[in-house]
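Reproduced below: coords_2.cif, with mmCIF, C-alpha atoms and all ligand atoms.
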```
data_data
#
loop_
_atom_site.group_PDB
_atom_site.id
_atom_site.type_symbol
_atom_site.label_atom_id
_atom_site.label_comp_id
_atom_site.auth_asym_id
_atom_site.auth_seq_id
_atom_site.Cartn_x
_atom_site.Cartn_y
_atom_site.Cartn_z
ATOM 1 C CA MET A 449 323.387 42.985 -142.078
ATOM 2 C CA SER A 450 324.328 46.283 -140.336
ATOM 3 C CA ASN A 451 325.424 49.361 -142.285
ATOM 4 C CA ALA A 452 328.754 49.197 -140.436
ATOM 5 C CA HIS A 453 329.434 45.803 -141.967
ATOM 6 C CA VAL A 454 328.764 47.197 -145.451
ATOM 7 C CA THR A 455 330.826 50.395 -145.166
ATOM 8 C CA GLY A 456 333.503 49.374 -142.674
ATOM 9 C CA LYS A 457 332.739 52.560 -140.715
ATOM 10 C CA ARG A 458 331.997 51.996 -137.061
ATOM 11 C CA LEU A 459 329.163 54.541 -136.704
ATOM 12 C CA SER A 460 327.653 54.083 -140.120
ATOM 13 C CA GLY A 461 324.144 55.572 -140.299
ATOM 14 C CA LYS A 462 324.046 56.573 -136.609
ATOM 15 C CA VAL A 463 322.125 59.829 -136.185
ATOM 16 C CA THR A 464 323.990 62.228 -133.931
ATOM 17 C CA ILE A 465 323.434 65.720 -132.562
ATOM 18 C CA VAL A 466 326.539 67.710 -131.601
ATOM 19 C CA THR A 467 325.869 70.962 -129.733
ATOM 20 C CA GLY A 468 328.468 73.720 -129.852
ATOM 21 C CA ALA A 469 329.668 72.380 -133.199
ATOM 22 C CA SER A 470 330.701 75.820 -134.491
ATOM 23 C CA SER A 471 334.169 75.746 -132.887
ATOM 24 C CA GLY A 472 336.790 73.930 -130.854
ATOM 25 C CA ILE A 473 335.943 70.558 -129.379
ATOM 26 C CA GLY A 474 332.415 70.359 -130.841
ATOM 27 C CA GLU A 475 333.694 70.976 -134.356
ATOM 28 C CA ALA A 476 336.341 68.255 -133.944
ATOM 29 C CA ILE A 477 333.807 65.793 -132.502
ATOM 30 C CA ALA A 478 331.394 66.429 -135.390
ATOM 31 C CA LYS A 479 334.162 65.815 -137.941
ATOM 32 C CA GLY A 480 335.358 62.718 -136.093
ATOM 33 C CA LEU A 481 331.908 61.153 -135.823
ATOM 34 C CA ALA A 482 331.134 61.949 -139.469
ATOM 35 C CA SER A 483 334.411 60.313 -140.533
ATOM 36 C CA GLU A 484 333.178 57.150 -138.773
ATOM 37 C CA GLY A 485 329.970 57.260 -140.836
ATOM 38 C CA ALA A 486 327.602 59.055 -138.436
ATOM 39 C CA LYS A 487 324.989 61.471 -139.843
ATOM 40 C CA VAL A 488 325.556 64.638 -137.866
ATOM 41 C CA ALA A 489 323.201 67.476 -136.900
ATOM 42 C CA LEU A 490 325.387 70.502 -136.196
ATOM 43 C CA ALA A 491 323.910 72.855 -133.567
ATOM 44 C CA ALA A 492 325.114 76.250 -132.315
ATOM 45 C CA ARG A 493 324.197 79.922 -132.731
ATOM 46 C CA ARG A 494 326.805 80.938 -135.377
ATOM 47 C CA ILE A 495 325.152 79.492 -138.455
ATOM 48 C CA GLU A 496 327.860 80.589 -140.945
ATOM 49 C CA ARG A 497 330.443 78.512 -139.100
ATOM 50 C CA LEU A 498 328.095 75.534 -139.089
ATOM 51 C CA GLU A 499 327.559 75.925 -142.853
ATOM 52 C CA ASP A 500 331.359 75.893 -143.392
ATOM 53 C CA LEU A 501 331.700 72.742 -141.321
ATOM 54 C CA LYS A 502 328.819 71.050 -143.169
ATOM 55 C CA LYS A 503 330.637 71.734 -146.463
ATOM 56 C CA GLN A 504 333.870 70.246 -145.084
ATOM 57 C CA ILE A 505 332.070 67.116 -143.865
ATOM 58 C CA GLU A 506 330.199 66.704 -147.160
ATOM 59 C CA GLY A 507 333.454 67.274 -149.072
ATOM 60 C CA GLU A 508 334.815 64.197 -147.341
ATOM 61 C CA GLY A 509 331.751 62.119 -148.196
ATOM 62 C CA GLY A 510 329.911 62.607 -144.891
ATOM 63 C CA ILE A 511 326.341 63.660 -144.107
ATOM 64 C CA ALA A 512 325.528 66.758 -142.024
ATOM 65 C CA VAL A 513 322.737 69.274 -141.449
ATOM 66 C CA CYS A 514 323.010 72.662 -139.721
ATOM 67 C CA ILE A 515 320.400 73.777 -137.237
ATOM 68 C CA GLN A 516 320.885 77.175 -135.637
ATOM 69 C CA THR A 517 320.121 76.591 -131.971
ATOM 70 C CA ASP A 518 320.520 78.409 -128.684
ATOM 71 C CA VAL A 519 320.431 75.462 -126.282
ATOM 72 C CA THR A 520 319.411 77.673 -123.364
ATOM 73 C CA LYS A 521 316.030 78.054 -125.109
ATOM 74 C CA ARG A 522 313.883 74.970 -124.633
ATOM 75 C CA GLU A 523 311.703 75.642 -127.675
ATOM 76 C CA GLU A 524 314.795 75.867 -129.918
ATOM 77 C CA VAL A 525 316.071 72.561 -128.541
ATOM 78 C CA LYS A 526 312.711 70.912 -129.281
ATOM 79 C CA GLU A 527 312.950 72.240 -132.838
ATOM 80 C CA LEU A 528 316.549 70.917 -133.090
ATOM 81 C CA VAL A 529 315.327 67.433 -132.197
ATOM 82 C CA ARG A 530 312.244 67.619 -134.431
ATOM 83 C CA HIS A 531 314.251 68.870 -137.428
ATOM 84 C CA THR A 532 317.042 66.298 -136.932
ATOM 85 C CA GLU A 533 314.563 63.431 -136.738
ATOM 86 C CA SER A 534 312.639 64.574 -139.796
ATOM 87 C CA VAL A 535 315.772 64.953 -141.958
ATOM 88 C CA LEU A 536 318.165 62.303 -140.584
ATOM 89 C CA GLY A 537 316.003 59.899 -138.520
ATOM 90 C CA PRO A 538 315.703 58.930 -134.837
ATOM 91 C CA ILE A 539 318.580 60.175 -132.689
ATOM 92 C CA ASP A 540 321.141 57.570 -131.629
ATOM 93 C CA ILE A 541 323.764 59.823 -130.026
ATOM 94 C CA LEU A 542 323.561 63.238 -128.345
ATOM 95 C CA VAL A 543 326.874 65.003 -127.710
ATOM 96 C CA ASN A 544 326.168 67.727 -125.165
ATOM 97 C CA ASN A 545 329.211 69.861 -125.839
ATOM 98 C CA ALA A 546 328.086 73.529 -125.845
ATOM 99 C CA GLY A 547 329.596 75.297 -122.862
ATOM 100 C CA VAL A 548 331.293 78.441 -121.666
ATOM 101 C CA MET A 549 333.983 79.168 -119.107
ATOM 102 C CA TYR A 550 335.072 82.414 -117.480
ATOM 103 C CA TYR A 551 337.996 82.681 -115.105
ATOM 104 C CA THR A 552 336.622 84.881 -112.306
ATOM 105 C CA MET A 553 337.440 85.378 -108.640
ATOM 106 C CA MET A 554 334.212 85.105 -106.620
ATOM 107 C CA LYS A 555 335.085 88.396 -104.848
ATOM 108 C CA ASN A 556 334.991 90.218 -108.210
ATOM 109 C CA LEU A 557 331.243 89.521 -108.484
ATOM 110 C CA LYS A 558 330.984 88.879 -112.222
ATOM 111 C CA GLU A 559 327.347 87.977 -111.735
ATOM 112 C CA ASP A 560 326.401 88.038 -115.420
ATOM 113 C CA GLN A 561 329.198 85.554 -116.125
ATOM 114 C CA TRP A 562 328.078 83.299 -113.261
ATOM 115 C CA GLU A 563 324.584 83.295 -114.719
ATOM 116 C CA ARG A 564 325.714 82.630 -118.283
ATOM 117 C CA GLN A 565 327.765 79.605 -117.220
ATOM 118 C CA ILE A 566 324.853 78.174 -115.219
ATOM 119 C CA ASP A 567 322.364 78.861 -118.036
ATOM 120 C CA LEU A 568 324.478 77.193 -120.707
ATOM 121 C CA ASN A 569 326.487 74.496 -118.927
ATOM 122 C CA CYS A 570 323.651 73.312 -116.668
ATOM 123 C CA LYS A 571 320.290 74.359 -118.103
ATOM 124 C CA GLY A 572 321.314 74.073 -121.769
ATOM 125 C CA LEU A 573 322.695 70.566 -121.268
ATOM 126 C CA THR A 574 319.566 69.558 -119.340
ATOM 127 C CA ASN A 575 317.292 70.939 -122.075
ATOM 128 C CA CYS A 576 319.084 68.779 -124.653
ATOM 129 C CA ILE A 577 318.772 65.614 -122.558
ATOM 130 C CA GLY A 578 315.081 66.440 -122.101
ATOM 131 C CA GLY A 579 314.734 66.771 -125.865
ATOM 132 C CA VAL A 580 316.059 63.299 -126.743
ATOM 133 C CA LEU A 581 315.343 61.115 -123.717
ATOM 134 C CA ASP A 582 311.745 60.146 -124.449
ATOM 135 C CA GLY A 583 312.603 58.920 -127.961
ATOM 136 C CA MET A 584 315.626 56.959 -126.712
ATOM 137 C CA LEU A 585 313.536 55.304 -124.000
ATOM 138 C CA LYS A 586 310.834 54.336 -126.509
ATOM 139 C CA ARG A 587 313.469 52.787 -128.794
ATOM 140 C CA ASN A 588 315.406 51.208 -125.893
ATOM 141 C CA SER A 589 318.578 52.582 -127.365
ATOM 142 C CA GLY A 590 320.726 55.692 -127.228
ATOM 143 C CA HIS A 591 323.943 57.277 -126.029
ATOM 144 C CA ILE A 592 324.239 60.611 -124.248
ATOM 145 C CA VAL A 593 327.778 62.014 -124.152
ATOM 146 C CA ASN A 594 328.254 64.984 -121.828
ATOM 147 C CA LEU A 595 331.275 67.285 -121.999
ATOM 148 C CA SER A 596 332.245 67.684 -118.387
ATOM 149 C CA SER A 597 335.808 68.678 -117.417
ATOM 150 C CA ASP A 598 338.553 67.839 -114.959
ATOM 151 C CA ALA A 599 336.815 70.742 -113.180
ATOM 152 C CA GLY A 600 333.908 68.313 -112.718
ATOM 153 C CA ARG A 601 336.145 66.172 -110.504
ATOM 154 C CA LYS A 602 337.929 68.903 -108.555
ATOM 155 C CA GLY A 603 337.140 72.553 -107.786
ATOM 156 C CA PHE A 604 339.663 74.884 -109.443
ATOM 157 C CA PRO A 605 340.396 78.330 -107.917
ATOM 158 C CA GLY A 606 339.386 81.094 -110.309
ATOM 159 C CA LEU A 607 336.788 78.712 -111.746
ATOM 160 C CA ALA A 608 334.415 78.309 -108.805
ATOM 161 C CA VAL A 609 331.162 78.729 -110.722
ATOM 162 C CA TYR A 610 332.494 76.872 -113.779
ATOM 163 C CA SER A 611 333.612 73.979 -111.551
ATOM 164 C CA GLY A 612 330.168 74.035 -109.932
ATOM 165 C CA THR A 613 328.502 73.706 -113.328
ATOM 166 C CA LYS A 614 330.694 70.737 -114.225
ATOM 167 C CA PHE A 615 329.965 69.053 -110.851
ATOM 168 C CA TYR A 616 326.313 69.458 -111.879
ATOM 169 C CA VAL A 617 327.072 67.661 -115.152
ATOM 170 C CA GLU A 618 328.715 64.827 -113.211
ATOM 171 C CA GLY A 619 325.894 64.515 -110.650
ATOM 172 C CA LEU A 620 323.183 64.571 -113.291
ATOM 173 C CA SER A 621 325.069 62.024 -115.417
ATOM 174 C CA GLN A 622 325.634 59.613 -112.522
ATOM 175 C CA ALA A 623 321.959 59.679 -111.537
ATOM 176 C CA LEU A 624 320.661 59.484 -115.115
ATOM 177 C CA ARG A 625 323.005 56.567 -115.911
ATOM 178 C CA GLN A 626 321.483 54.540 -113.105
ATOM 179 C CA GLU A 627 317.933 55.429 -114.161
ATOM 180 C CA VAL A 628 318.417 54.350 -117.788
ATOM 181 C CA SER A 629 321.083 51.621 -117.788
ATOM 182 C CA GLY A 630 318.378 48.931 -117.998
ATOM 183 C CA GLU A 631 316.679 50.732 -120.878
ATOM 184 C CA GLY A 632 319.480 50.356 -123.420
ATOM 185 C CA ILE A 633 320.849 53.873 -122.895
ATOM 186 C CA ARG A 634 324.453 54.800 -122.133
ATOM 187 C CA VAL A 635 325.658 57.994 -120.455
ATOM 188 C CA THR A 636 329.295 59.038 -120.796
ATOM 189 C CA CYS A 637 331.129 61.976 -119.227
ATOM 190 C CA ILE A 638 334.225 63.239 -121.002
ATOM 191 C CA GLN A 639 336.482 65.110 -118.566
ATOM 192 C CA PRO A 640 339.176 67.056 -120.439
ATOM 193 C CA GLY A 641 341.950 69.138 -118.978
ATOM 194 C CA ASP A 642 343.129 72.162 -120.964
ATOM 195 C CA VAL A 643 342.384 71.975 -124.694
ATOM 196 C CA LYS A 644 343.459 74.480 -127.345
ATOM 197 C CA THR A 645 340.140 76.229 -128.261
ATOM 198 C CA GLU A 646 338.385 79.599 -128.007
ATOM 199 C CA LEU A 647 337.156 78.774 -124.487
ATOM 200 C CA LEU A 648 339.681 81.009 -122.681
ATOM 201 C CA SER A 649 338.988 83.972 -124.937
ATOM 202 C CA HIS A 650 335.748 84.908 -123.156
ATOM 203 C CA THR A 651 337.451 85.712 -119.832
ATOM 204 C CA THR A 652 337.558 89.378 -118.773
ATOM 205 C CA ASP A 653 338.709 88.997 -115.141
ATOM 206 C CA THR A 654 342.418 89.519 -115.733
ATOM 207 C CA GLU A 655 343.268 89.072 -112.056
ATOM 208 C CA ALA A 656 341.808 85.551 -112.022
ATOM 209 C CA LYS A 657 343.372 84.587 -115.335
ATOM 210 C CA ALA A 658 346.836 85.818 -114.302
ATOM 211 C CA ALA A 659 346.623 83.980 -110.980
ATOM 212 C CA TYR A 660 345.235 80.650 -112.103
ATOM 213 C CA ASP A 661 345.362 79.917 -115.843
ATOM 214 C CA GLY A 662 348.248 77.505 -116.361
ATOM 215 C CA SER A 663 347.402 76.515 -119.918
ATOM 216 C CA SER A 664 350.590 78.020 -121.360
ATOM 217 C CA ASN A 665 352.878 76.010 -119.051
ATOM 218 C CA CYS A 666 352.923 72.813 -121.097
ATOM 219 C CA LYS A 667 351.728 71.217 -124.325
ATOM 220 C CA ILE A 668 347.954 71.142 -123.935
ATOM 221 C CA LEU A 669 345.426 68.918 -125.704
ATOM 222 C CA GLU A 670 344.121 69.316 -129.249
ATOM 223 C CA PRO A 671 340.359 69.202 -129.952
ATOM 224 C CA SER A 672 340.995 66.034 -131.990
ATOM 225 C CA ASP A 673 342.240 64.283 -128.814
ATOM 226 C CA ILE A 674 338.786 64.789 -127.315
ATOM 227 C CA ALA A 675 337.073 63.696 -130.536
ATOM 228 C CA ASN A 676 339.055 60.447 -130.351
ATOM 229 C CA ALA A 677 337.800 59.876 -126.799
ATOM 230 C CA VAL A 678 334.187 60.363 -127.953
ATOM 231 C CA ILE A 679 334.709 57.952 -130.846
ATOM 232 C CA TYR A 680 336.147 55.391 -128.427
ATOM 233 C CA ALA A 681 333.134 55.688 -126.099
ATOM 234 C CA THR A 682 330.549 55.514 -128.889
ATOM 235 C CA THR A 683 332.029 52.563 -130.778
ATOM 236 C CA GLN A 684 332.058 49.996 -127.961
ATOM 237 C CA PRO A 685 329.800 46.934 -128.061
ATOM 238 C CA ASP A 686 326.273 47.584 -126.733
ATOM 239 C CA TYR A 687 326.863 45.868 -123.395
ATOM 240 C CA VAL A 688 329.856 48.138 -122.600
ATOM 241 C CA GLY A 689 329.376 51.498 -120.908
ATOM 242 C CA ILE A 690 332.305 53.901 -120.938
ATOM 243 C CA ASN A 691 331.063 56.005 -118.044
ATOM 244 C CA GLU A 692 333.921 58.474 -117.667
ATOM 245 C CA ILE A 693 337.041 59.448 -119.578
ATOM 246 C CA LEU A 694 339.484 61.760 -117.793
ATOM 247 C CA ILE A 695 341.874 63.036 -120.453
ATOM 248 C CA GLU A 696 344.557 65.578 -119.655
ATOM 249 C CA PRO A 697 347.836 66.973 -120.880
ATOM 250 C CA ARG A 698 350.431 64.468 -119.657
ATOM 251 C CA GLU A 699 352.314 67.227 -117.864
ATOM 252 C CA ALA A 700 349.236 68.626 -116.068
ATOM 253 C CA PRO A 701 347.550 65.844 -114.087
ATOM 254 C CA VAL A 702 344.880 66.804 -111.518
HETATM 255 N N1 LIG A 801 338.852 73.914 -123.936
HETATM 256 C C1 LIG A 801 339.056 73.293 -122.783
HETATM 257 O O1 LIG A 801 340.147 73.382 -122.183
HETATM 258 C C2 LIG A 801 337.989 72.443 -122.174
HETATM 259 C C3 LIG A 801 336.657 72.490 -122.610
HETATM 260 N N2 LIG A 801 335.708 71.724 -121.967
HETATM 261 C C4 LIG A 801 334.313 71.787 -122.370
HETATM 262 O O2 LIG A 801 334.206 71.515 -123.757
HETATM 263 C C5 LIG A 801 333.051 72.149 -124.286
HETATM 264 C C6 LIG A 801 333.408 72.880 -125.581
HETATM 265 O O3 LIG A 801 334.303 73.912 -125.272
HETATM 266 P P1 LIG A 801 335.431 74.455 -126.280
HETATM 267 O O4 LIG A 801 335.329 73.806 -127.582
HETATM 268 O O5 LIG A 801 336.700 74.415 -125.539
HETATM 269 O O6 LIG A 801 335.013 75.993 -126.358
HETATM 270 P P2 LIG A 801 334.582 76.937 -127.592
HETATM 271 O O7 LIG A 801 334.389 78.291 -126.973
HETATM 272 O O8 LIG A 801 335.516 76.789 -128.719
HETATM 273 O O9 LIG A 801 333.184 76.319 -128.026
HETATM 274 C C7 LIG A 801 331.987 76.536 -127.323
HETATM 275 C C8 LIG A 801 330.840 76.152 -128.230
HETATM 276 O O10 LIG A 801 329.605 76.345 -127.501
HETATM 277 C C9 LIG A 801 328.702 77.007 -128.375
HETATM 278 N N3 LIG A 801 327.696 77.772 -127.641
HETATM 279 C C10 LIG A 801 327.894 78.818 -126.816
HETATM 280 N N4 LIG A 801 326.715 79.263 -126.357
HETATM 281 C C11 LIG A 801 325.753 78.491 -126.926
HETATM 282 C C12 LIG A 801 324.340 78.458 -126.862
HETATM 283 N N5 LIG A 801 323.653 79.307 -126.079
HETATM 284 N N6 LIG A 801 323.668 77.534 -127.583
HETATM 285 C C13 LIG A 801 324.354 76.666 -128.369
HETATM 286 N N7 LIG A 801 325.689 76.633 -128.462
HETATM 287 C C14 LIG A 801 326.382 77.535 -127.744
HETATM 288 C C15 LIG A 801 329.570 77.919 -129.228
HETATM 289 O O11 LIG A 801 328.913 78.219 -130.441
HETATM 290 P P3 LIG A 801 328.107 79.571 -130.790
HETATM 291 O O12 LIG A 801 328.830 80.693 -130.124
HETATM 292 O O13 LIG A 801 328.151 79.595 -132.273
HETATM 293 O O14 LIG A 801 326.718 79.340 -130.253
HETATM 294 C C16 LIG A 801 330.765 77.011 -129.477
HETATM 295 O O15 LIG A 801 330.524 76.188 -130.592
HETATM 296 C C17 LIG A 801 332.511 73.041 -123.168
HETATM 297 O O16 LIG A 801 331.432 72.385 -122.542
HETATM 298 C C18 LIG A 801 333.683 73.161 -122.223
HETATM 299 O O17 LIG A 801 333.283 73.398 -120.898
HETATM 300 C C19 LIG A 801 336.033 70.894 -120.939
HETATM 301 C C20 LIG A 801 337.309 70.822 -120.488
HETATM 302 C C21 LIG A 801 338.383 71.557 -121.088
HETATM 303 C C1 LIG A 802 339.833 73.447 -115.336
HETATM 304 C C2 LIG A 802 339.945 73.824 -116.732
HETATM 305 O O1 LIG A 802 340.340 74.917 -117.060
HETATM 306 C C3 LIG A 802 339.561 72.823 -117.750
HETATM 307 N N1 LIG A 802 340.667 72.667 -118.595
HETATM 308 C C4 LIG A 802 338.384 73.311 -118.553
HETATM 309 O O2 LIG A 802 338.618 74.182 -119.427
HETATM 310 O O3 LIG A 802 337.280 72.858 -118.295
#
```
Write the structure described by the file as structure tokens, please.
Ligand SMILES: NC(=O)C1=CN([C@@H]2O[C@H](COP(=O)(O)OP(=O)(O)OC[C@H]3O[C@@H](n4cnc5c(N)ncnc54)[C@H](OP(=O)(O)O)[C@@H]3O)[C@@H](O)[C@H]2O)C=CC1
Ligand SMILES: CC(=O)[C@H](N)C(=O)O
Amino acid sequence: MSNAHVTGKRLSGKVTIVTGASSGIGEAIAKGLASEGAKVALAARRIERLEDLKKQIEGEGGIAVCIQTDVTKREEVKELVRHTESVLGPIDILVNNAGVMYYTMMKNLKEDQWERQIDLNCKGLTNCIGGVLDGMLKRNSGHIVNLSSDAGRKGFPGLAVYSGTKFYVEGLSQALRQEVSGEGIRVTCIQPGDVKTELLSHTTDTEAKAAYDGSSNCKILEPSDIANAVIYATTQPDYVGINEILIEPREAPV
């Protein structure tokens, strides 16, 4: 008899890593998965925020551990996986959520910001897949959920490098999905439009933001809307693969 049958929770006992769990979408996903019974490893750099979230999850009867991790550092990702497995068990679900976005015009040459987006959104996400893939293949089971963006389907002006990083997420996910679909592993891309989080707060290129950020023009998404999409993808029967979910403010379609 499965744990889900006993508890009535759809992800009961599933071991999950959520990167970027210290704010915004990652925090909401971690809470959402925990409320469905998943045991959640919370990863990010700001450990105090992770500790607060762990307390909230435990206060509602859930199970969580905090593991301070910079996902751009391969050794720290290996430790994240090792620690999660030793405390919670083999990893069933990886939510690759950590990411950063800067509005910048290419002509303004914000090279450090280009590099940071590539390091985190591309290399960090790849490091995390590298950390869990071998175990998932050995167990013939697993689900990798990648936070892409509507900017992974269309290049947005003012977000050229960011859009490029999210096209990378899409390309990697499409190829990986075909490599592992016969091995019991699912790969899902979540493609949100504007969501109310701290993501915009990192931008310093005021020219690009003034020209292209339209997030104040309509009611944008809440982090919980994205958490609901992740729960939907991860609670389907084993033979179902939810490959992509494009989720946007109704008034701002791509
Ligand atoms: N908000 C939006 O409109 C949209 C967001 N997305 C995507 O959703 C994801 C989450 O973004 P969102 O919640 O909005 O933004 P936030 O800025 O609120 O969250 C970003 C998270 O990434 C973490 N992070 C940053 N650097 C690192 C690092 N080196 N190692 C580990 N974690 C890191 C941060 O934690 P810490 O600083 O503690 O390390 C934080 O928890 C991103 O991938 C983003 O591209 C996609 C479409 C729309
Ligand atoms: C194109 C976008 O700004 C998108 N909402 C994102 O933040 O990824």
Checklist entry - Between A:Thr552, A:Arg564, A:Asp653, A:Glu631, which is the closest to Leu607 of chain A once you count all atoms listed in the file? => result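 Smallest distance to Leu607 of chain A is found for A:Thr552.
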Checklist outcome for this item: Counting only C-alpha atoms, the residue among A:Ile511, A:Val519, A:Ala482, A:Ile638 that lies closest to Ile690 of chain A is A:Ile638
Item to check | Separation of atom CA of Ala677 of chain A from atom CA of Asn665 of chain A, in Å and rounded to one decimal | outcome: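 So the two atoms, atom CA of Ala677 of chain A and atom CA of Asn665 of chain A, lie 23.4 Å apart.
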Next on the checklist: Can you tell me which residues surround segment 536-541 of chain A at a distance of at most 10 Å, considering all atoms listed in the file, apart from same-chain residues fewer than 3 positions away, and format the answer as a PyMOL selection string?
Outcome noted: chain A and resi 459+461-466+486-489+511-513+529-533+544+580-581+583-584+587+589-593+633-635+682
Suppose we keep C-alpha atoms; can you now write the selection as a PDB file, keeping the file's coordinate frame?
```
ATOM      1  CA  LEU A 459     329.163  54.541-136.704  1.00  0.00           C
ATOM      2  CA  GLY A 461     324.144  55.572-140.299  1.00  0.00           C
ATOM      3  CA  LYS A 462     324.046  56.573-136.609  1.00  0.00           C
ATOM      4  CA  VAL A 463     322.125  59.829-136.185  1.00  0.00           C
ATOM      5  CA  THR A 464     323.990  62.228-133.931  1.00  0.00           C
ATOM      6  CA  ILE A 465     323.434  65.720-132.562  1.00  0.00           C
ATOM      7  CA  VAL A 466     326.539  67.710-131.601  1.00  0.00           C
ATOM      8  CA  ALA A 486     327.602  59.055-138.436  1.00  0.00           C
ATOM      9  CA  LYS A 487     324.989  61.471-139.843  1.00  0.00           C
ATOM     10  CA  VAL A 488     325.556  64.638-137.866  1.00  0.00           C
ATOM     11  CA  ALA A 489     323.201  67.476-136.900  1.00  0.00           C
ATOM     12  CA  ILE A 511     326.341  63.660-144.107  1.00  0.00           C
ATOM     13  CA  ALA A 512     325.528  66.758-142.024  1.00  0.00           C
ATOM     14  CA  VAL A 513     322.737  69.274-141.449  1.00  0.00           C
ATOM     15  CA  VAL A 529     315.327  67.433-132.197  1.00  0.00           C
ATOM     16  CA  ARG A 530     312.244  67.619-134.431  1.00  0.00           C
ATOM     17  CA  HIS A 531     314.251  68.870-137.428  1.00  0.00           C
ATOM     18  CA  THR A 532     317.042  66.298-136.932  1.00  0.00           C
ATOM     19  CA  GLU A 533     314.563  63.431-136.738  1.00  0.00           C
ATOM     20  CA  ASN A 544     326.168  67.727-125.165  1.00  0.00           C
ATOM     21  CA  VAL A 580     316.059  63.299-126.743  1.00  0.00           C
ATOM     22  CA  LEU A 581     315.343  61.115-123.717  1.00  0.00           C
ATOM     23  CA  GLY A 583     312.603  58.920-127.961  1.00  0.00           C
ATOM     24  CA  MET A 584     315.626  56.959-126.712  1.00  0.00           C
ATOM     25  CA  ARG A 587     313.469  52.787-128.794  1.00  0.00           C
ATOM     26  CA  SER A 589     318.578  52.582-127.365  1.00  0.00           C
ATOM     27  CA  GLY A 590     320.726  55.692-127.228  1.00  0.00           C
ATOM     28  CA  HIS A 591     323.943  57.277-126.029  1.00  0.00           C
ATOM     29  CA  ILE A 592     324.239  60.611-124.248  1.00  0.00           C
ATOM     30  CA  VAL A 593     327.778  62.014-124.152  1.00  0.00           C
ATOM     31  CA  ILE A 633     320.849  53.873-122.895  1.00  0.00           C
ATOM     32  CA  ARG A 634     324.453  54.800-122.133  1.00  0.00           C
ATOM     33  CA  VAL A 635     325.658  57.994-120.455  1.00  0.00           C
ATOM     34  CA  THR A 682     330.549  55.514-128.889  1.00  0.00           C
TER      35      THR A 682
END
```
Edge lengths and centre in Å to one decimal, as AutoDock Vina command-line options, is what I'm after for the box along x, y and z that holds all listed atoms of ligand LIG 801 (chain A) once 8 Å is added on each side.
```
--center_x 331.9 --center_y 75.8 --center_z -126.4 --size_x 32.5 --size_y 25.9 --size_z 27.8
```
Item to check | Selection as a PyMOL selection string: residues within 6 Å of ligand LIG 801 (chain A) by all atoms listed in the file | outcome: chain A and resi 467-474+492-494+517-520+545-548+568+595-597+640-647
Given only C-alpha atoms, how would the per-residue table for segment 546-585 of chain A near segment 658-664 of chain A read, listing every residue at most 12 Å away with its closest atom pair and distance in Å to one decimal, sorted by chain and number, as a tab-separated table?
```
residue	atom	partner	partner_atom	distance
A:Met549	CA	A:Asp661	CA	11.9
A:Tyr550	CA	A:Asp661	CA	10.7
A:Tyr551	CA	A:Asp661	CA	7.9
A:Thr552	CA	A:Tyr660	CA	9.6
A:Met553	CA	A:Ala659	CA	9.6
```
Item to check | atom CA of Val609 of chain A to atom CA of Trp562 of chain A, straight-line distance in Å | outcome: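 Atom CA of Val609 of chain A lies at a distance of 6.1 Å from atom CA of Trp562 of chain A.
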Item to check | Two-atom distance - atom CA of Val628 of chain A, atom CA of Tyr687 of chain A (Å) | outcome: 13.2 Å
Item to check | Residues matched by the PyMOL selection byres (((chain A and resi 613) around 12) and not hetatm) as a PyMOL selection string | outcome: chain A and resi 547-550+562-574+595-604+607-612+614-620
Item to check | Shortest interatomic distance to Val525 of chain A - which of A:Thr652, A:Asn575, A:Ser672, A:Ser460, counting all atoms listed in the file | outcome: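 Under the stated criterion, the closest residue is A:Asn575.
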Item to check | Nearest to Ala476 of chain A, chosen from A:Asp686, A:Asp673, A:Glu524, A:Glu696, with all atoms listed in the file counted in the distances | outcome: A:Asp673
Next on the checklist: Evaluate the PyMOL selection byres (((chain A and resi 514) around 7) and not hetatm) against this structure - the residues, as a ChimeraX atom specification, please.
Outcome noted: /A:489-491,498-499,502,512-513,515-516
Next on the checklist: Nearest residue to Leu669 of chain A out of A:Glu627, A:Glu475, A:Glu699, A:Glu692, using all atoms listed in the file?
Outcome noted: A:Glu699
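Closest approach to Gly630 of chain A from the set A:Val678, A:Val535, A:Leu585, A:Ile495 is made by A:Leu585, with distances taken over all atoms listed in the file.
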